Structure formats: C-alpha cells, structure tokens
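Student: Supplied structure: structure.cif, mmCIF, C-alpha atoms.
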```
data_input
loop_
_atom_site.label_atom_id
_atom_site.label_comp_id
_atom_site.auth_asym_id
_atom_site.auth_seq_id
_atom_site.Cartn_x
_atom_site.Cartn_y
_atom_site.Cartn_z
CA MET T 672 126.41 87.54 48.88
CA SER T 673 122.75 88.24 48.10
CA ARG T 674 122.63 85.13 45.95
CA LEU T 675 123.83 83.01 48.87
CA SER T 676 121.22 84.47 51.20
CA GLY T 677 118.56 83.82 48.53
CA ASP T 678 119.66 80.19 48.31
CA VAL T 679 119.53 79.89 52.10
CA GLN T 680 116.01 81.35 52.10
CA ASP T 681 114.92 78.89 49.39
CA PHE T 682 116.37 76.02 51.41
CA LYS T 683 114.63 77.16 54.59
CA SER T 684 111.25 77.47 52.91
CA SER T 685 111.67 74.10 51.16
CA PHE T 686 112.71 72.47 54.42
CA LYS T 687 109.69 73.90 56.25
CA LEU T 688 107.41 72.65 53.48
CA VAL T 689 108.91 69.15 53.52
CA VAL T 690 108.70 68.90 57.32
CA SER T 691 105.08 70.08 57.42
CA GLN T 692 104.05 67.69 54.64
CA GLY T 693 105.92 64.86 56.35
CA LEU T 694 104.16 65.49 59.66
CA ARG T 695 100.79 65.71 57.91
CA SER T 696 101.43 62.42 56.08
CA LEU T 697 102.56 60.75 59.29
CA ALA T 698 99.42 61.90 61.12
CA GLN T 699 97.20 60.68 58.27
CA THR T 700 98.97 57.32 58.17
CA LEU T 701 98.67 56.81 61.92
CA GLY T 702 94.99 57.82 61.79
CA CYS T 703 94.34 55.33 58.99
CA VAL T 704 96.13 52.52 60.83
CA VAL T 705 94.17 53.20 64.03
CA SER T 706 90.89 53.38 62.11
CA LEU T 707 91.67 50.17 60.27
CA TYR T 708 92.60 48.46 63.52
CA LEU T 709 89.32 49.53 65.10
CA ILE T 710 87.42 48.11 62.12
CA SER T 711 89.33 44.83 61.94
CA PRO T 712 92.58 43.85 63.69
CA GLN T 713 92.95 40.87 61.33
CA MET T 714 92.69 43.10 58.28
CA THR T 715 95.23 45.49 59.81
CA ALA T 716 97.64 42.59 60.31
CA LEU T 717 97.03 41.38 56.77
CA VAL T 718 97.71 44.81 55.30
CA GLY T 719 100.72 45.30 57.58
CA VAL T 720 102.28 42.07 56.33
CA THR T 721 101.34 42.10 52.66
CA LEU T 722 101.69 45.80 51.82
CA PRO T 723 105.48 45.99 52.42
CA ILE T 724 105.94 42.79 50.41
CA MET T 725 103.87 44.20 47.53
CA ILE T 726 105.85 47.45 47.64
CA ALA T 727 109.19 45.62 47.61
CA VAL T 728 108.21 43.34 44.72
CA GLY T 729 106.72 46.25 42.78
CA SER T 730 109.84 48.37 43.30
CA ALA T 731 112.13 45.55 42.16
CA PHE T 732 109.94 44.88 39.12
CA GLY T 733 109.86 48.61 38.34
CA ALA T 734 113.66 48.79 38.49
CA VAL T 735 113.92 45.93 35.98
CA LEU T 736 111.40 47.65 33.69
CA ARG T 737 113.40 50.90 33.84
CA ILE T 738 116.55 49.00 32.82
CA TRP T 739 114.70 47.36 29.93
CA SER T 740 113.26 50.72 28.87
CA ARG T 741 116.73 52.29 28.84
CA GLN T 742 118.11 49.37 26.81
CA THR T 743 115.25 49.68 24.32
CA GLN T 744 115.79 53.41 23.89
CA GLU T 745 119.53 52.88 23.38
CA GLN T 746 118.88 50.19 20.77
CA VAL T 747 116.41 52.38 18.87
CA ALA T 748 119.02 55.15 18.93
CA MET T 749 121.60 52.74 17.51
CA ALA T 750 119.23 51.73 14.70
CA MET T 751 118.52 55.37 13.92
CA GLY T 752 122.27 56.04 13.96
CA VAL T 753 122.86 53.33 11.37
CA ALA T 754 120.10 54.74 9.16
CA ASP T 755 121.34 58.31 9.60
CA GLU T 756 124.89 57.35 8.73
CA ALA T 757 123.81 55.48 5.61
CA LEU T 758 121.54 58.28 4.43
CA SER T 759 124.04 61.04 5.11
CA ASN T 760 126.71 59.15 3.15
CA ILE T 761 124.41 57.91 0.40
CA ARG T 762 126.83 58.82 -2.39
CA THR T 763 129.62 56.78 -0.84
CA VAL T 764 127.27 53.87 -0.19
CA ARG T 765 126.09 53.89 -3.81
CA ALA T 766 129.59 54.35 -5.15
CA PHE T 767 130.68 51.12 -3.52
CA ALA T 768 127.34 49.33 -4.13
CA MET T 769 126.80 48.74 -0.40
CA GLU T 770 123.05 49.34 -0.29
CA ASP T 771 122.28 45.73 0.60
CA LYS T 772 124.96 45.71 3.32
CA GLU T 773 123.54 48.90 4.89
CA LYS T 774 119.99 47.53 4.69
CA SER T 775 121.06 44.34 6.45
CA LEU T 776 122.88 46.33 9.18
CA TYR T 777 119.76 48.44 9.69
CA ARG T 778 117.51 45.35 9.68
CA VAL T 779 119.63 43.68 12.40
CA GLU T 780 119.48 46.79 14.61
CA LEU T 781 115.73 47.13 14.05
CA GLN T 782 115.11 43.47 14.88
CA GLN T 783 117.05 43.88 18.12
CA ALA T 784 115.03 47.02 18.93
CA GLN T 785 111.80 45.16 18.13
CA TRP T 786 112.74 42.26 20.41
CA LEU T 787 113.61 44.64 23.26
CA SER T 788 110.37 46.59 22.74
CA GLU T 789 108.31 43.41 22.83
CA LYS T 790 110.11 42.29 25.99
CA LEU T 791 109.45 45.68 27.60
CA GLY T 792 105.79 45.61 26.56
CA THR T 793 105.34 42.12 27.97
CA GLY T 794 107.02 43.20 31.20
CA ILE T 795 104.77 46.24 31.55
CA ALA T 796 101.67 44.13 30.88
CA LEU T 797 102.77 41.57 33.45
CA PHE T 798 103.49 44.33 35.98
CA GLN T 799 100.05 45.84 35.50
CA ALA T 800 98.35 42.44 35.68
CA LEU T 801 100.15 41.52 38.89
CA SER T 802 99.48 44.95 40.39
CA ASN T 803 95.77 44.69 39.66
CA LEU T 804 95.65 41.13 40.96
CA ALA T 805 97.47 42.05 44.17
CA ILE T 806 95.37 45.14 44.85
CA ASN T 807 92.06 43.45 44.08
CA GLY T 808 93.08 40.32 45.99
CA GLU T 809 94.00 42.42 49.00
CA ARG T 810 90.71 44.29 48.77
CA ALA T 811 88.69 41.07 48.42
CA ARG T 812 90.51 39.51 51.38
CA GLY T 813 89.81 42.65 53.42
CA LYS T 814 86.12 42.49 52.51
CA ASP T 815 86.03 38.85 53.63
CA LEU T 816 87.58 39.80 56.97
CA VAL T 817 85.11 42.65 57.47
CA ARG T 818 82.23 40.34 56.48
CA LEU T 819 83.45 37.74 59.01
CA LYS T 820 83.67 40.40 61.70
CA ASN T 821 80.12 41.55 60.91
CA VAL T 822 78.88 37.95 61.09
CA TRP T 823 80.67 37.51 64.41
CA LEU T 824 79.22 40.78 65.76
CA GLU T 825 75.73 39.79 64.63
CA SER T 826 76.00 36.37 66.27
CA TRP T 827 77.36 38.01 69.43
CA ARG T 828 74.41 40.45 69.45
CA THR T 829 71.96 37.57 68.95
CA LYS T 830 73.54 35.54 71.77
CA SER T 831 73.60 38.51 74.12
CA HIS T 832 69.95 39.22 73.26
CA GLN T 833 69.06 35.56 73.97
CA LEU T 834 71.02 35.71 77.22
CA GLY T 835 69.15 38.92 78.13
CA ASN T 836 65.84 37.13 77.48
CA LEU T 837 66.90 34.24 79.71
CA ILE T 838 67.77 36.57 82.55
CA THR T 839 64.50 38.54 82.46
#
```
Translate the structure of the given file into structure tokens.
Tutor:
Amino acid sequence: MSRLSGDVQDFKSSFKLVVSQGLRSLAQTLGCVVSLYLISPQMTALVGVTLPIMIAVGSAFGAVLRIWSRQTQEQVAMAMGVADEALSNIRTVRAFAMEDKEKSLYRVELQQAQWLSEKLGTGIALFQALSNLAINGERARGKDLVRLKNVWLESWRTKSHQLGNLIT
C-alpha cells in the first residue's frame, strides 16, 4: 500500500509541476504576442500565419527523417549480421569455398546501407538548409516590417510637426 501512495504522491507533484510550467509558458506566449502586436500588427499577422506552417512542414519533414534513420540503422544491423555470421562460421565457409559468396552478400548489404546513409545525410542537410532559410527569411521580413513602421512613424511625426508649425 505504501508503494501505491508513493506513486500517487509522485503523480501529484508531477502534475503540479506540469500545470505550473504550462501556465508560465502560456503567460509568456501571450505577453510576447501582445508585445509583438504593439510593435507591429503586420509582423504579428505574418508570424501568426507563417509560424504554424513552418512548424507543420518541419514536423512532417522530421517524421520522414526519423523513418529514414530507422531504416538506415536496420540496414547497418543487417550488414553487420551478415559479417558476424560469416566470421563466426568461418570454418564452414572455408570448407565449402564460399568466401566470395559471403563477400558479395556483405557488399550488397553495405551498398544498401551506404545508399540509405547518403539519403539520410542529404535529407538532414536539406532540412537544416530549409530551416535556416525559413528562420532568416522570417526575421528579414520582420525587420522590413519594423523598418516600414519606423519610416511611417517618422513621416507621421514630420507631418504633425509641419501641421503644428502651420497652426502656430
């Protein structure tokens, strides 16, 4: 019974921790959105539209990369299995003069593993390139929007100053 009460206590403390962190994250997110909106409503709209799209595409791409990684690991394990089997039964292999056959089996498995590894490496490079491009593009677009807002504010200040001079 004491083990059950210990598990309940662990659950309660974990639940409290998750709820408090969730509330803190929610408050920070809302504060950031409000701050961003006060700086530039256009930039807030841009981030609100593009960020979920970037997250969805990145998650889908990541899922594909995880599948490729798993396939690569399985293929390397198969190649190592072929080599291990041949080496552990080396007397039988030599007795039947099957060294060339075992080498060709191992070569085929290694070539498949190499192809999968290259595909995975290309996918990871493409993912990183697209991530950097998306993040830097988003940041550059945001800077343009802030720059436009500053230009608009400056022109508004100049016009209001000129209007003030006309009135006085």
Student: Can you measure atom CA of T:Gln746 to atom CA of T:Lys774 for me? One decimal in Å is fine.
Tutor: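 Between these atoms lies a distance of 16.3 Å.
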Student: Report, in Å to a single decimal, how far apart atom CA of T:Ala731 and atom CA of T:Asn807 are.
Tutor: 20.3 Å
Student: Go ahead and compute the interatomic distance for atom CA of T:Arg778 and atom CA of T:Asn760, in Å to one decimal.
Tutor: 17.8 Å
Student: Written as number ranges by chain, which residues does the PyMOL selection byres ((chain T and resi 777) around 12) give for the file shown?
Tutor: T: 746-758, 770-776, 778-784
Student: Could you write those residues out with C-alpha atoms, as a CSV table (one decimal), in the coordinates of the input?
Tutor:
```csv
chain,number,residue,atom,x,y,z
T,746,GLN,CA,118.9,50.2,20.8
T,747,VAL,CA,116.4,52.4,18.9
T,748,ALA,CA,119.0,55.2,18.9
T,749,MET,CA,121.6,52.7,17.5
T,750,ALA,CA,119.2,51.7,14.7
T,751,MET,CA,118.5,55.4,13.9
T,752,GLY,CA,122.3,56.0,14.0
T,753,VAL,CA,122.9,53.3,11.4
T,754,ALA,CA,120.1,54.7,9.2
T,755,ASP,CA,121.3,58.3,9.6
T,756,GLU,CA,124.9,57.4,8.7
T,757,ALA,CA,123.8,55.5,5.6
T,758,LEU,CA,121.5,58.3,4.4
T,770,GLU,CA,123.0,49.3,-0.3
T,771,ASP,CA,122.3,45.7,0.6
T,772,LYS,CA,125.0,45.7,3.3
T,773,GLU,CA,123.5,48.9,4.9
T,774,LYS,CA,120.0,47.5,4.7
T,775,SER,CA,121.1,44.3,6.4
T,776,LEU,CA,122.9,46.3,9.2
T,778,ARG,CA,117.5,45.4,9.7
T,779,VAL,CA,119.6,43.7,12.4
T,780,GLU,CA,119.5,46.8,14.6
T,781,LEU,CA,115.7,47.1,14.0
T,782,GLN,CA,115.1,43.5,14.9
T,783,GLN,CA,117.0,43.9,18.1
T,784,ALA,CA,115.0,47.0,18.9
```
Student: So which residues are close to (111.1, 47.1, 37.1), meaning at most 12 Å away in the file's coordinates with only C-alpha atoms counted, and can you show them as a list in words?
Tutor: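 Final list of nearby residues, as requested, is Ile726, Ala727, Val728, Gly729, Ser730, Ala731, Phe732, Gly733, Ala734, Val735, Leu736, Arg737, Ile738, Trp739, Ser740, Arg741, Leu791, Gly792, Thr793, Gly794, Ile795, Ala796, Leu797, Phe798 and Gln799 of chain T.
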Student: Create the file for the chosen residues now, containing C-alpha atoms and written as an mmCIF file, in the coordinates of the input.
Tutor:
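Listing of part.cif after writing:
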```cif
data_model
loop_
_atom_site.group_PDB
_atom_site.id
_atom_site.type_symbol
_atom_site.label_atom_id
_atom_site.label_comp_id
_atom_site.auth_asym_id
_atom_site.auth_seq_id
_atom_site.Cartn_x
_atom_site.Cartn_y
_atom_site.Cartn_z
ATOM 1 C CA ILE T 726 105.850 47.450 47.640
ATOM 2 C CA ALA T 727 109.190 45.620 47.610
ATOM 3 C CA VAL T 728 108.210 43.340 44.720
ATOM 4 C CA GLY T 729 106.720 46.250 42.780
ATOM 5 C CA SER T 730 109.840 48.370 43.300
ATOM 6 C CA ALA T 731 112.130 45.550 42.160
ATOM 7 C CA PHE T 732 109.940 44.880 39.120
ATOM 8 C CA GLY T 733 109.860 48.610 38.340
ATOM 9 C CA ALA T 734 113.660 48.790 38.490
ATOM 10 C CA VAL T 735 113.920 45.930 35.980
ATOM 11 C CA LEU T 736 111.400 47.650 33.690
ATOM 12 C CA ARG T 737 113.400 50.900 33.840
ATOM 13 C CA ILE T 738 116.550 49.000 32.820
ATOM 14 C CA TRP T 739 114.700 47.360 29.930
ATOM 15 C CA SER T 740 113.260 50.720 28.870
ATOM 16 C CA ARG T 741 116.730 52.290 28.840
ATOM 17 C CA LEU T 791 109.450 45.680 27.600
ATOM 18 C CA GLY T 792 105.790 45.610 26.560
ATOM 19 C CA THR T 793 105.340 42.120 27.970
ATOM 20 C CA GLY T 794 107.020 43.200 31.200
ATOM 21 C CA ILE T 795 104.770 46.240 31.550
ATOM 22 C CA ALA T 796 101.670 44.130 30.880
ATOM 23 C CA LEU T 797 102.770 41.570 33.450
ATOM 24 C CA PHE T 798 103.490 44.330 35.980
ATOM 25 C CA GLN T 799 100.050 45.840 35.500
#
```
Student: As AutoDock Vina command-line options, what would the box around stretch 694-697 of chain T look like: edges along x, y and z, 6 Å added on every side, centre and edge lengths in Å to one decimal?
Tutor:
```
--center_x 102.5 --center_y 63.2 --center_z 57.9 --size_x 15.4 --size_y 17.0 --size_z 15.6
```
Student: Between T:Ala768, T:Val704, T:Leu675, T:Ala805, which is the closest to T:Ala716 once you count all atoms listed in the file?
Tutor: T:Val704
Student: Here is a test: counting only C-alpha atoms, which residue of T:Ile806, T:Glu789, T:Cys703, T:Phe682 is nearest to T:Thr715?
Tutor: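 Counting only C-alpha atoms, the residue closest to T:Thr715 is T:Cys703.
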Student: May I ask you to restore N, CA, C and O atoms in stretch 780-793 of chain T and write the result as an mmCIF file, keeping the file's coordinate frame?
Tutor:
```
data_model
loop_
_atom_site.group_PDB
_atom_site.id
_atom_site.type_symbol
_atom_site.label_atom_id
_atom_site.label_comp_id
_atom_site.auth_asym_id
_atom_site.auth_seq_id
_atom_site.Cartn_x
_atom_site.Cartn_y
_atom_site.Cartn_z
ATOM 1 N N GLU T 780 119.705 45.863 13.490
ATOM 2 C CA GLU T 780 119.480 46.790 14.610
ATOM 3 C C GLU T 780 117.995 46.949 14.906
ATOM 4 O O GLU T 780 117.587 47.005 16.066
ATOM 5 N N LEU T 781 117.178 47.004 13.845
ATOM 6 C CA LEU T 781 115.730 47.130 14.050
ATOM 7 C C LEU T 781 115.136 45.874 14.689
ATOM 8 O O LEU T 781 114.255 45.965 15.546
ATOM 9 N N GLN T 782 115.620 44.707 14.282
ATOM 10 C CA GLN T 782 115.110 43.470 14.880
ATOM 11 C C GLN T 782 115.462 43.402 16.360
ATOM 12 O O GLN T 782 114.643 42.968 17.184
ATOM 13 N N GLN T 783 116.652 43.844 16.696
ATOM 14 C CA GLN T 783 117.050 43.880 18.120
ATOM 15 C C GLN T 783 116.166 44.863 18.886
ATOM 16 O O GLN T 783 115.716 44.575 19.995
ATOM 17 N N ALA T 784 115.907 46.029 18.292
ATOM 18 C CA ALA T 784 115.030 47.020 18.930
ATOM 19 C C ALA T 784 113.612 46.470 19.080
ATOM 20 O O ALA T 784 112.956 46.681 20.102
ATOM 21 N N GLN T 785 113.135 45.752 18.065
ATOM 22 C CA GLN T 785 111.800 45.160 18.130
ATOM 23 C C GLN T 785 111.719 44.139 19.250
ATOM 24 O O GLN T 785 110.761 44.126 20.023
ATOM 25 N N TRP T 786 112.741 43.281 19.361
ATOM 26 C CA TRP T 786 112.740 42.260 20.410
ATOM 27 C C TRP T 786 112.744 42.911 21.794
ATOM 28 O O TRP T 786 111.998 42.507 22.687
ATOM 29 N N LEU T 787 113.574 43.960 21.971
ATOM 30 C CA LEU T 787 113.610 44.640 23.260
ATOM 31 C C LEU T 787 112.292 45.343 23.565
ATOM 32 O O LEU T 787 111.833 45.338 24.709
ATOM 33 N N SER T 788 111.669 45.925 22.545
ATOM 34 C CA SER T 788 110.370 46.590 22.740
ATOM 35 C C SER T 788 109.288 45.602 23.132
ATOM 36 O O SER T 788 108.459 45.880 24.006
ATOM 37 N N GLU T 789 109.298 44.441 22.489
ATOM 38 C CA GLU T 789 108.310 43.410 22.830
ATOM 39 C C GLU T 789 108.546 42.898 24.254
ATOM 40 O O GLU T 789 107.586 42.672 25.004
ATOM 41 N N LYS T 790 109.795 42.731 24.630
ATOM 42 C CA LYS T 790 110.110 42.290 25.990
ATOM 43 C C LYS T 790 109.647 43.329 27.008
ATOM 44 O O LYS T 790 109.032 42.984 28.028
ATOM 45 N N LEU T 791 109.893 44.597 26.711
ATOM 46 C CA LEU T 791 109.450 45.680 27.600
ATOM 47 C C LEU T 791 107.929 45.711 27.687
ATOM 48 O O LEU T 791 107.368 45.829 28.780
ATOM 49 N N GLY T 792 107.250 45.599 26.555
ATOM 50 C CA GLY T 792 105.790 45.610 26.560
ATOM 51 C C GLY T 792 105.200 44.458 27.354
ATOM 52 O O GLY T 792 104.243 44.625 28.110
ATOM 53 N N THR T 793 105.798 43.283 27.210
ATOM 54 C CA THR T 793 105.340 42.120 27.970
ATOM 55 C C THR T 793 105.567 42.345 29.464
ATOM 56 O O THR T 793 104.716 42.017 30.296
#
```
